Number of protein chains: 4
Amino acid sequence: MNNKYIHEQYEEDEKLKEECGVFGIYDFDGGDVASTIYYGLFALQHRGQESCGIAVSDTNGPKGSVKSHKGMGLVNEVFTPELLEGLKGDIGVGHTRYSTAGSSTRENAQPLVLNYVKGTLGLAHNGNLVNAPELRRELEYTGAIFQTTIDSEVIAYHIARERIHTASVEEAVSRAMNKIKGAYSLIVMSPRKLIGARDPYGFRPLCIGKRDNAYILASETCALDTIGASFVRDVEPGEIVTITPQKGIESDKSHCLPKGQEARCIFEYIYFARPDTHIDGVSVYQSRILSGKFLAIDSPVEADLVVGVPESGNAAALGYSLQSGIPYGTAFVKNGYVGRTFIKPKQSNRESSVRVKLNVLKEAVNGKRVIMIDDSIVRGTTSDRIVRMLREAGAKEVHMRVSSPPFLHPCYFGTDVPAEDQLIAHNRTIEEIRQVIGADSLAYLRTERLGEMIGGMGHCTACFTGDYPIAPPTEDIRGSFEK
Amino acid sequence: MNNKYIHEQYEEDEKLKEECGVFGIYDFDGGDVASTIYYGLFALQHRGQESCGIAVSDTNGPKGSVKSHKGMGLVNEVFTPELLEGLKGDIGVGHTRYSTAGSSTRENAQPLVLNYVKGTLGLAHNGNLVNAPELRRELEYTGAIFQTTIDSEVIAYHIARERIHTASVEEAVSRAMNKIKGAYSLIVMSPRKLIGARDPYGFRPLCIGKRDNAYILASETCALDTIGASFVRDVEPGEIVTITPQKGIESDKSHCLPKGQEARCIFEYIYFARPDTHIDGVSVYQSRILSGKFLAIDSPVEADLVVGVPESGNAAALGYSLQSGIPYGTAFVKNGYVGRTFIKPKQSNRESSVRVKLNVLKEAVNGKRVIMIDDSIVRGTTSDRIVRMLREAGAKEVHMRVSSPPFLHPCYFGTDVPAEDQLIAHNRTIEEIRQVIGADSLAYLRTERLGEMIGGMGHCTACFTGDYPIAPPTEDIRGSFEK
Amino acid sequence: MNNKYIHEQYEEDEKLKEECGVFGIYDFDGGDVASTIYYGLFALQHRGQESCGIAVSDTNGPKGSVKSHKGMGLVNEVFTPELLEGLKGDIGVGHTRYSTAGSSTRENAQPLVLNYVKGTLGLAHNGNLVNAPELRRELEYTGAIFQTTIDSEVIAYHIARERIHTASVEEAVSRAMNKIKGAYSLIVMSPRKLIGARDPYGFRPLCIGKRDNAYILASETCALDTIGASFVRDVEPGEIVTITPQKGIESDKSHCLPKGQEARCIFEYIYFARPDTHIDGVSVYQSRILSGKFLAIDSPVEADLVVGVPESGNAAALGYSLQSGIPYGTAFVKNGYVGRTFIKPKQSNRESSVRVKLNVLKEAVNGKRVIMIDDSIVRGTTSDRIVRMLREAGAKEVHMRVSSPPFLHPCYFGTDVPAEDQLIAHNRTIEEIRQVIGADSLAYLRTERLGEMIGGMGHCTACFTGDYPIAPPTEDIRGSFEK
Amino acid sequence: MNNKYIHEQYEEDEKLKEECGVFGIYDFDGGDVASTIYYGLFALQHRGQESCGIAVSDTNGPKGSVKSHKGMGLVNEVFTPELLEGLKGDIGVGHTRYSTAGSSTRENAQPLVLNYVKGTLGLAHNGNLVNAPELRRELEYTGAIFQTTIDSEVIAYHIARERIHTASVEEAVSRAMNKIKGAYSLIVMSPRKLIGARDPYGFRPLCIGKRDNAYILASETCALDTIGASFVRDVEPGEIVTITPQKGIESDKSHCLPKGQEARCIFEYIYFARPDTHIDGVSVYQSRILSGKFLAIDSPVEADLVVGVPESGNAAALGYSLQSGIPYGTAFVKNGYVGRTFIKPKQSNRESSVRVKLNVLKEAVNGKRVIMIDDSIVRGTTSDRIVRMLREAGAKEVHMRVSSPPFLHPCYFGTDVPAEDQLIAHNRTIEEIRQVIGADSLAYLRTERLGEMIGGMGHCTACFTGDYPIAPPTEDIRGSFEK
């Protein structure tokens with residue numbers, strides 16, 4: 001027996017990656033907000049696990065006295081009680097990050113904190129600009145210097161420059177939005193205001209909450225639940241909200257598009273967002289249940305058991321079961337202790353990696369015809385392996401159903417996708433994919449179902465159809481400032 | 001708004017604690033075993049999260065050249081690739097620990113490594129002795145010195161002393177077993193042998209596996225699956241197995257009790273063990289499904305939905321659903337990033353702590369009569385809160401079912417139980433408990449069902465009945481050497 | 001006995017603090033330079049112990065591929081072999097920092113790395129600008145954003161803005177020098193050039209070295225010795241040197257002042273610089289020997305022994321001994337293990353702190369008349385204590401001589417000085433100071449001797465005389481951007 | 001230019017290594033002693049830098065409630081204020097360790113804390129037993145188990161076993177001393193007593209101090225000065241002192257040898273001990289001054305300057321200067337930031353390593369005939385390099401004088417010496433050594449001078465003469481338990 005393992009950092013490489021989670025709060029009663037931001041980020045941890053940060057300010061102190069802490073790692077790795085104690089202030093922003101544009105270094109962690117003509121700004125941003133390289137170049141030609149490789153710095157510059165000639169920071173944000181193109185949900189903390197903005201297409205979510213006398217902005221409503229805040233409403237696509245003790249929430253909707261032209265990222269519903277979140281009035285959980293029901297309607301199959309690939313396939317599996325009447329069950333046990341620094345078995349047997357993370361409950365599947373539901377197939381390596389695990393555990397048949405359409409095109413709006421030729425659906429028919437993963441049958445959710453799934457709201461299907469709501473950048477935007 | 005949080009270490013205080021997981025391997029082909037132990041411990045992480053360790057030895061090297069590393073924390077925190085590389089050897093033992101006897105310090109981490117008359121021993125032990133204090137005192141009166149406060153050191157001394165007058169280390173283990181009383185699953189690594197032993201009552205599990213030309217001993221079969229080994233058989237209660245290249249597995253059953261007199265810990269099935277593990281031939285998952293079915297038979301109620309309290313209540317909920325025909329669903333979202341070092345909200349609102357860890361899916365429960373199943377109720381604080389969360393989410397009725405009998409008495413065999421007066425079932429009727437937690441109805445699993453649940457095998461019910469298979473110690477054994 | 005200690009971070013509060021050390025290298029043969037920078041910074045560690053950093057670039061790679069690492073702490077704490085290996089590049093800059101302007105946070109660590117119109121710049125800077133606040137405000141009014149609170153970012157902006165309209169980066173540096181006022185020794189790494197510049201007054205040192213086919217810029221010549229490079233020459237006050245493989249060293253002296261108008265910081269010779277360094281042709285060691293000789297000539301006293309307060313008083317003590325003929329000796333033993341994180345005895349007996357760091361050799365001083373030489377007295381607390389220690393050890397007389405004039409005025413050029421009213425010489429005559437510290441006699445170096453000490457070169461005496469070579473800023477420049 | 005450095009841990013390989021420093025305190029007034037031990041260990045850091053530890057006990061608490069903390073590294077790396085706060089107790093022992101016997105692992109760190117028949121003991125030990133292997137084997141044959149590879153565990157066992165049949169712990173120590181042979185200075189903390197013992201030969205130092213109502217035991221008097229305690233007396237070779245509030249200091253001298261038969265380690269005076277320490281009434285500083293004077297008398301040479309190799313050669317250089325009238329000077333600058341984790345230049349040019357640590361003051365030596373004094377030459381590599389550095393700096397002649405005789409034989413009493421064939425004096429005449437190191441002349445201290453140096457007291461010269469006071473062990477004692 002030779003040693004079958006290598007020691008690498010473990011990476012969940014079979015899933016799409018989200019870019020970021022943002023959180024902001026302004027306590028009109030002057031209470032410290034850092035620990036609330038901590039819990040808020042904690043609820044948004046699934047949106048980004050590479051780095052995180054908190055910046056707070058005291059609105060009653062001198063202008064610009066921002067305190068911040070950022071670091072690589074999870075929220076509970078980066079922050080200690082002592083650090084939170086030190087972050088005194090009644091207004092603040094927080095950020096969890098997974099890097100799509102801008103490399104994974106501490107310099108690129110957010111929130112961005114900067115001094116400009118009107119004091120100090122804190123900036124947290126979720127999304128990707130498609131015209132960042134052009135904007136950078138323009139700025140550099142007028143003397144700008146850049147210390148990070150993230151789009152947020154480009155946004156910050158535009159706000160700073162517009163601020164010189166405008167009456168307020170929210171107006172500067174509005175003017176900046178005339179120039180920046182792409183996906184962004186943005187929270188800006190100025191010395192006396194908390195501002196939220198969402199790009200006109202509404203790619204990424206952003207919502208407003210309230211607790212006692214404090215207003216909150218957050219990527220997802222689950223963060224409101226976690227801190228005990230009530231949901232007020234979503235920030236609309238294209239809307240800018242300005243939160244002050246004097247006027248509460250003010251709204252600027254001059255950038256909003258006509259209803260239906262929005263391009264909400266459908267993967268927020270399918271996979272990224274937490275199931276207990278609502279985005280633009282639609283329950284993420286319910287949309288997943290629906291996707292399972294549609295699969296049962298559109299791609300029925302006789303079977304004894306419906307199971308989800310944990311965790312993200314479970315809701316769709318439940319939907320499939322409810323619609324089809326085939327019993328729902330649990331087929332897998334997931335090892336909850338697999339962390340980011342897990343030492344990985346050797347490449348040669350990638351299978352082992354799956355077995356370390358996931359094991360099958362033989363009793364549950366032995367002798368049965370199993371329908372297995374996952375939210376997506378990216379490279380296909382995991383699906384292949386899981387199908388085999390089910391067969392080894394005695395499943396008589398394995399039918400795979402996927403609660404999204406086949407994934408074919410790159411995303412420029414904040415989702416990290418492997419190169420096209422690494423996608424299993426690239427240049428393959430469904431039947432060919434079925435053969436690769438070794439299932440008895442395979443079906444994907446139909447693209448037409450996506451709109452139904454989220455109540456008919458405008459959404460982006462570019463990754464399935466190649467039909468981009470904004471023209472993709474002419475140069476590859478990822479990493480372009482790092483050469 | 002005043003700050004609602006304090007910064008403490010988070011602790012899952014509503015669950016019983018298991019003591020330890022043990023793992024041993026001997027590769028007859030001479031391959032290095034450290035990384036295999038690493039993955040094995042990883043699969044046993046749920047049995048102990050306070051400290052862990054690995055000790056290996058080269059059977060072809062000079063006697064006694066044991067290399068070991070131990071530390072406080074999870075397996076993937078304590079070990080790095082470099083450390084694993086340094087642990088060269090073809091025989092080894094590993095341990096994950098949660099402290100019941102012996103305080104939580106690095107000194108008390110296992111495996112214990114020691115030099116004695118015949119070379120070097122490695123020792124990993126799961127369980128609690130009831131006569132450890134007496135044995136310690138006896139040993140001290142003959143000149144022994146103790147450097148830890150764990151029972152394992154007492155066992156080690158007995159093996160070392162018996163070894164002087166016996167022909168083999170397994171015989172020394174056998175003689176030591178005449179003196180030590182209580183619960184133990186033990187793995188001993190001597191320079192050329194791997195030995196496993198289980199106390200006559202079989203309180204804690206221990207099984208044998210095989211991969212290629214290597215034999216494995218492990219607390220649970222899930223560890224065998226994880227490393228790709230096949231299950232050979234369980235070590236029987238009272239059995240000593242000796243593994244050598246010369247003779248394979250040799251067995252000594254002189255300590256075994258007559259069938260039926262064993263006292264397997266029923267909580268291994270109910271909560272401790274991983275669902276994909278089999279103990280003494282019985283599937284843990286299946287026994288949980290069964291417990292749910294029994295609840296449906298013994299304590300039926302009309303409802304629209306059956307949900308489990310994650311993770312441990314899910315299997316019993318599925319069983320209840322299968323038996324009753326009431327649809328199974330998911331009501332909770334658990335934050336998977338709550339780690340051991342999570343900063344905890346203030347005591348004053350312990351509720352927030354639950355909300356940070358757990359959120360309700362309103363869509364799933366709104367307007368419904370819900371049956372909620374958990375594996376046990378210890379203090380009752382969490383149950384109370386979860387019932388309230390369900391109601392706030394719109395549940396019309398909440399019926400709680402518990403897949404174990406009411407917990408009333410302390411355990412001396414390796415389970416950490418709060419003081420009697422902290423147990424919710426202490427001095428309360430079921431109806432009184434129902435009122436405390438605020439459910440519409442409440443029912444526990446009947447004690448008689450426990451035997452049925454595990455195929456009629458001998459088991460311990462002392463924590464429910466006070467009927468102890470071995471007389472409890474006259475002095476409190478926990479922490480007694482630390483005063 | 002009550003506990004006499006508190007646990008604080010230890011700080012050498014009796015000494016003036018230097019701001020920074022800078023180091024740059026360009027290897028025309030294309031070899032990696034990171035480890036050479038590491039050793040160079042190591043030799044400049046005494047100039048700054050709060051943070052340090054290295055940035056390198058590959059001149060043959062794409063423009064702007066700078067790799068950098070910065071951190072809080074000493075060079076050997078911040079860098080690991082793995083980090084150095086990762087810093088591939090043949091041109092680079094390094095920095096050790098003690099904060100005078102800009103608070104002590106990781107964000108403020110240098111070198112500054114930034115993208116601008118012509119690619120990527122690395123910037124390392126020693127000194128303090130007197131007009132930084134004005135320049136910042138000006139920049140902000142034209143849309144600049146600042147992400148640090150260090151002067152270097154102001155310099156970087158000016159270079160970046162000038163670069164748009166100039167033919168070369170060195171010309172941009174030259175134009176920037178028309179605007180920035182104060183003390184600076186600057187190293188700039190552009191994609192294909194290494195540039196060094198020194199302010200017209202030459203407050204801080206900067207020298208050029210060569211090893212094989214690599215050119216080096218460094219704050220002190222001791223860094224050249226450490227890496228085995230030979231000394232080429234000093235960068236002159238006001239000079240800009242541009243180092244390229246094509247043209248070697250090019251010089252721009254357009255900012256130089258007439259000889260004698262320079263304002264070299266005299267404390268570089270007295271205390272800051274390492275004794276094995278030469279600055280502008282003068283040996284630091286020799287200047288200290290000279291200061292001791294002058295003290296012996298100007299302030300003689302009969303005694304049996306001359307001792308230095310370690311380490312910085314030793315050279316002057318040797319000079320005093322050589323001139324006076326009174327034997328030189330060692331009176332103190334210093335504990336070499338006092339690090340930055342030493343836990344400090346309680347305030348109530350600050351004396352103990354001195355005793356932990358310093359002990360007296362009773363045999364050496366018992367029964368003797370001792371002349372004790374230190375380089376400066378700032379607050380006087382340490383001198384007071386050391387005089388007492390000598391008396392307790394049996395010294396019959398203690399005569400203190402100080403190798404610099406009394407310190408009376410703040411410095412705006414890169415030295416961190418306590419508030420005026422904390423200076424012992426503030427509002428006290430020499431006789432009064434003598435009484436405070438309890439010496440039998442006390443004498444300072446005469447201000448006129450300072451020029452003699454360094455061969456008659458132009459130097460700054462502002463901290464003794466209040467005669468500032470550049471008008472001090474109207475607002476306090478320290479920390480002004482942090483409010 | 002290729003990269004000239006490798007990245008290894010730096011090690012001061014040219015010096016002999018001391019084994020340990022010990023410290024104990026008993027505060028009769030009941031004050032906490034942990035922070036005092038911390039400062040004491042801090043003053044003894046030079047005796048051991050690999051690991052350290054503190055164990056304390058509350059004499060008014062229940063018997064055996066010892067709290068301890070140990071770790072790898074320096075005192076200020078291992079202890080934090082929080083850790084010290086947690087170590088509550090009025091009696092305690094501390095230890096700094098450099099490993100000679102027993103490998104360098106955390107398990108081997110001291111003090112040893114153990115439970116035995118009479119409660120809990122803390123044990124700190126400096127020295128090496130010559131019969132440890134035999135004693136271990138004997139103990140194992142009667143059932144002992146060993147968890148470390150340090151001699152101290154052997155001593156602990158003997159004390160524990162003797163204690164069963166004796167009236168007091170000090171009597172048990174006395175009986176144990178009948179069995180253990182070799183070098184040891186020992187501090188034992190029992191629940192109500194602090195005991196110090198020194199082997200009959202007095203190889204290693206141990207002294208008694210007093211502060212307020214607390215008694216202290218320490219390896220060196222400098223630790224007493226550091227904590228503000230007064231020196232009471234030395235523990236005599238062979239003496240056992242027992243410290244209790246009831247009787248103060250009690251003494252047992254039954255193991256003492258006749259005056260003159262002691263074998264104090266002469267290297268304690270030459271190099272190990274701090275110069276401000278007195279051992280058995282003799283000032284270490286004064287003995288070094290004397291050694292320099294003897295060198296000037298016995299091996300005079302015409303020269304312009306006497307310099308010491310820092311730090312340990314300085315006192316002897318001063319002595320040489322005083323005796324000869326040749327001026328004393330400083331020739332070297334040492335980089336005080338070289339820590340244990342310094343990244344080392346490549347083997348190929350070990351010279352660079354010296355230059356990083358040490359630089360020459362050219363001004364001081366240029367054109368001069370220099371006498372350079374070091375305390376010893378072990379391998380000779382550093383001497384060779386330093387002589388060359390002096391010549392490169394312009395020294396006309398370099399005469400080396402060594403303040404100890406040539407080092408030729410291994411030490412079994414607590415000093416770590418390289419293998420014989422690595423010693424430069426092995427199989428070489430003085431003239432041959434001179435040629436290797438390239439000096440113009442070379443002389444060592446004469447062996448006869450050693451006695452004179454320390455006032456005629458009994459001392460060990462085995463490393464120079466091979467004349468061992470106790471027969472060396474028949475098997476190599478170093479590392480023998482680790483195979």
# chains A, B, ... in the order shown; residues from 1 in each chain; ligands from 1
>>> closest_atom_pairs(of="chain A", to="chain C", cutoff="9 Å", atoms="only C-alpha atoms", output="CSV")
residue,atom,partner,partner_atom,distance
A:Gly61,CA,C:Lys483,CA,8.7
A:Pro62,CA,C:Lys483,CA,6.1
A:Lys63,CA,C:Lys483,CA,7.1
A:Gly64,CA,C:Lys483,CA,6.3
A:Ser65,CA,C:Lys483,CA,5.2
A:Val66,CA,C:Glu482,CA,8.3
A:Glu107,CA,C:Glu107,CA,8.6
A:Leu112,CA,C:Gln147,CA,8.1
A:Val113,CA,C:Gln147,CA,6.3
A:Leu114,CA,C:Gln147,CA,4.6
A:Asn115,CA,C:Phe146,CA,4.8
A:Tyr116,CA,C:Ile145,CA,4.7
A:Val117,CA,C:Glu140,CA,4.6
A:Lys118,CA,C:Glu140,CA,8.4
A:Thr120,CA,C:Phe146,CA,9.0
A:Arg137,CA,C:Val117,CA,7.1
A:Glu138,CA,C:Val117,CA,8.8
A:Leu139,CA,C:Val117,CA,8.3
A:Glu140,CA,C:Val117,CA,4.6
A:Tyr141,CA,C:Val117,CA,5.7
A:Thr142,CA,C:Arg161,CA,7.0
A:Gly143,CA,C:Arg161,CA,4.3
A:Ala144,CA,C:Tyr116,CA,6.3
A:Ile145,CA,C:Tyr116,CA,4.7
A:Phe146,CA,C:Asn115,CA,4.8
A:Gln147,CA,C:Leu114,CA,4.6
A:Thr148,CA,C:Leu114,CA,7.6
A:Thr149,CA,C:Asn115,CA,8.8
A:Ala156,CA,C:Ile145,CA,7.8
A:Tyr157,CA,C:Ile145,CA,6.6
A:His158,CA,C:Gly143,CA,8.3
A:Ile159,CA,C:Gly143,CA,8.8
A:Ala160,CA,C:Gly143,CA,5.5
A:Arg161,CA,C:Gly143,CA,4.3
A:Glu162,CA,C:Gly143,CA,7.8
A:Arg163,CA,C:Gly143,CA,8.1
A:Ile164,CA,C:Tyr141,CA,6.6
A:Phe481,CA,C:Asn115,CA,8.4
A:Glu482,CA,C:Ser65,CA,6.4
A:Lys483,CA,C:Ser65,CA,5.2
>>> select_by_dssp(residues="stretch 210-241 of chain A", states="alpha helix (DSSP H)", output="PDB file with C-alpha atoms, in the first residue's frame")
ATOM      1  CA  THR A 221     -32.744  39.061   4.105  1.00  0.00           C
ATOM      2  CA  CYS A 222     -31.286  36.148   6.089  1.00  0.00           C
ATOM      3  CA  ALA A 223     -28.838  38.668   7.538  1.00  0.00           C
ATOM      4  CA  LEU A 224     -31.785  40.683   8.842  1.00  0.00           C
ATOM      5  CA  ASP A 225     -33.268  37.602  10.520  1.00  0.00           C
ATOM      6  CA  THR A 226     -29.937  36.766  12.091  1.00  0.00           C
ATOM      7  CA  ILE A 227     -29.602  40.127  13.804  1.00  0.00           C
TER       8      ILE A 227
END
>>> select_by_dssp(residues="stretch 249-370 of chain B", states="strand (DSSP E or B)", output="list in words")
Ile249, Glu250, Ser251, Asp252, Arg264, Cys265, His278, Ile279, Val282, Ser283, Leu305, Val306, Val307, Gly308, Tyr328, Phe332, Val333, Lys334, Ile343, Lys344, Pro345, Leu358, Asn359, Val360, Arg369 and Val370 of chain B
>>> residues_around(residues="B:Gly438", least_positions_apart="2", cutoff="7 Å", atoms="only C-alpha atoms", output="number ranges by chain")
B: 384, 387, 434-436, 440
>>> write_last_selection(atoms="C-alpha atoms", output="mmCIF file, in the first residue's frame")
data_model
loop_
_atom_site.group_PDB
_atom_site.id
_atom_site.type_symbol
_atom_site.label_atom_id
_atom_site.label_comp_id
_atom_site.auth_asym_id
_atom_site.auth_seq_id
_atom_site.Cartn_x
_atom_site.Cartn_y
_atom_site.Cartn_z
ATOM 1 C CA ASP B 384 -38.282 26.258 23.895
ATOM 2 C CA VAL B 387 -40.884 26.016 19.153
ATOM 3 C CA ARG B 434 -44.528 20.520 27.437
ATOM 4 C CA GLN B 435 -45.584 23.706 29.143
ATOM 5 C CA VAL B 436 -41.997 24.855 29.581
ATOM 6 C CA ASP B 440 -49.009 21.813 21.667
#
>>> residues_around(residues="stretch 449-452 of chain B", least_positions_apart="5", cutoff="8 Å", atoms="only C-alpha atoms", output="PyMOL selection string")
chain B and resi 266+291+294+457-459
>>> closest_residue(among="D:Ser376, D:Ser51, D:Thr429, D:Asn366", to="D:Val398", atoms="only C-alpha atoms")
D:Asn366
>>> closest_residue(among="C:Ser441, C:Asn213, C:Gln110, C:Ser403", to="C:Asp90", atoms="only C-alpha atoms")
C:Asn213
>>> residues_around(residues="D:Ser219", least_positions_apart="5", cutoff="8 Å", atoms="only C-alpha atoms", output="list in words")
Gly21, Val22, Phe23, Leu44, Ser185, Arg204, Pro205, Leu206 and Cys207 of chain D
>>> write_last_selection(atoms="N, CA and C atoms", output="short mmCIF file (atom, residue, chain, number, x, y, z; two decimals), in the first residue's frame")
data_model
loop_
_atom_site.label_atom_id
_atom_site.label_comp_id
_atom_site.auth_asym_id
_atom_site.auth_seq_id
_atom_site.Cartn_x
_atom_site.Cartn_y
_atom_site.Cartn_z
N GLY D 21 18.31 26.88 33.01
CA GLY D 21 18.22 27.78 34.15
C GLY D 21 17.01 27.41 34.99
N VAL D 22 17.17 27.46 36.33
CA VAL D 22 16.05 27.12 37.21
C VAL D 22 15.76 28.28 38.17
N PHE D 23 14.52 28.36 38.56
CA PHE D 23 14.09 29.45 39.44
C PHE D 23 12.93 28.94 40.28
N LEU D 44 17.40 34.55 33.26
CA LEU D 44 18.12 33.29 33.07
C LEU D 44 17.95 32.77 31.64
N SER D 185 21.44 20.75 39.54
CA SER D 185 20.91 21.73 40.49
C SER D 185 19.41 21.61 40.32
N ARG D 204 26.81 22.68 38.71
CA ARG D 204 25.98 23.82 38.29
C ARG D 204 25.66 24.69 39.50
N PRO D 205 25.49 25.97 39.29
CA PRO D 205 25.26 26.89 40.42
C PRO D 205 23.81 26.85 40.92
N LEU D 206 23.61 27.32 42.12
CA LEU D 206 22.27 27.50 42.68
C LEU D 206 22.41 28.42 43.89
N CYS D 207 21.59 29.45 43.96
CA CYS D 207 21.73 30.40 45.06
C CYS D 207 20.38 30.70 45.70
#
>>> closest_residue(among="A:Glu19, A:Asp58, A:Asp29, A:Asp212", to="A:Gly414", atoms="only C-alpha atoms")
A:Glu19
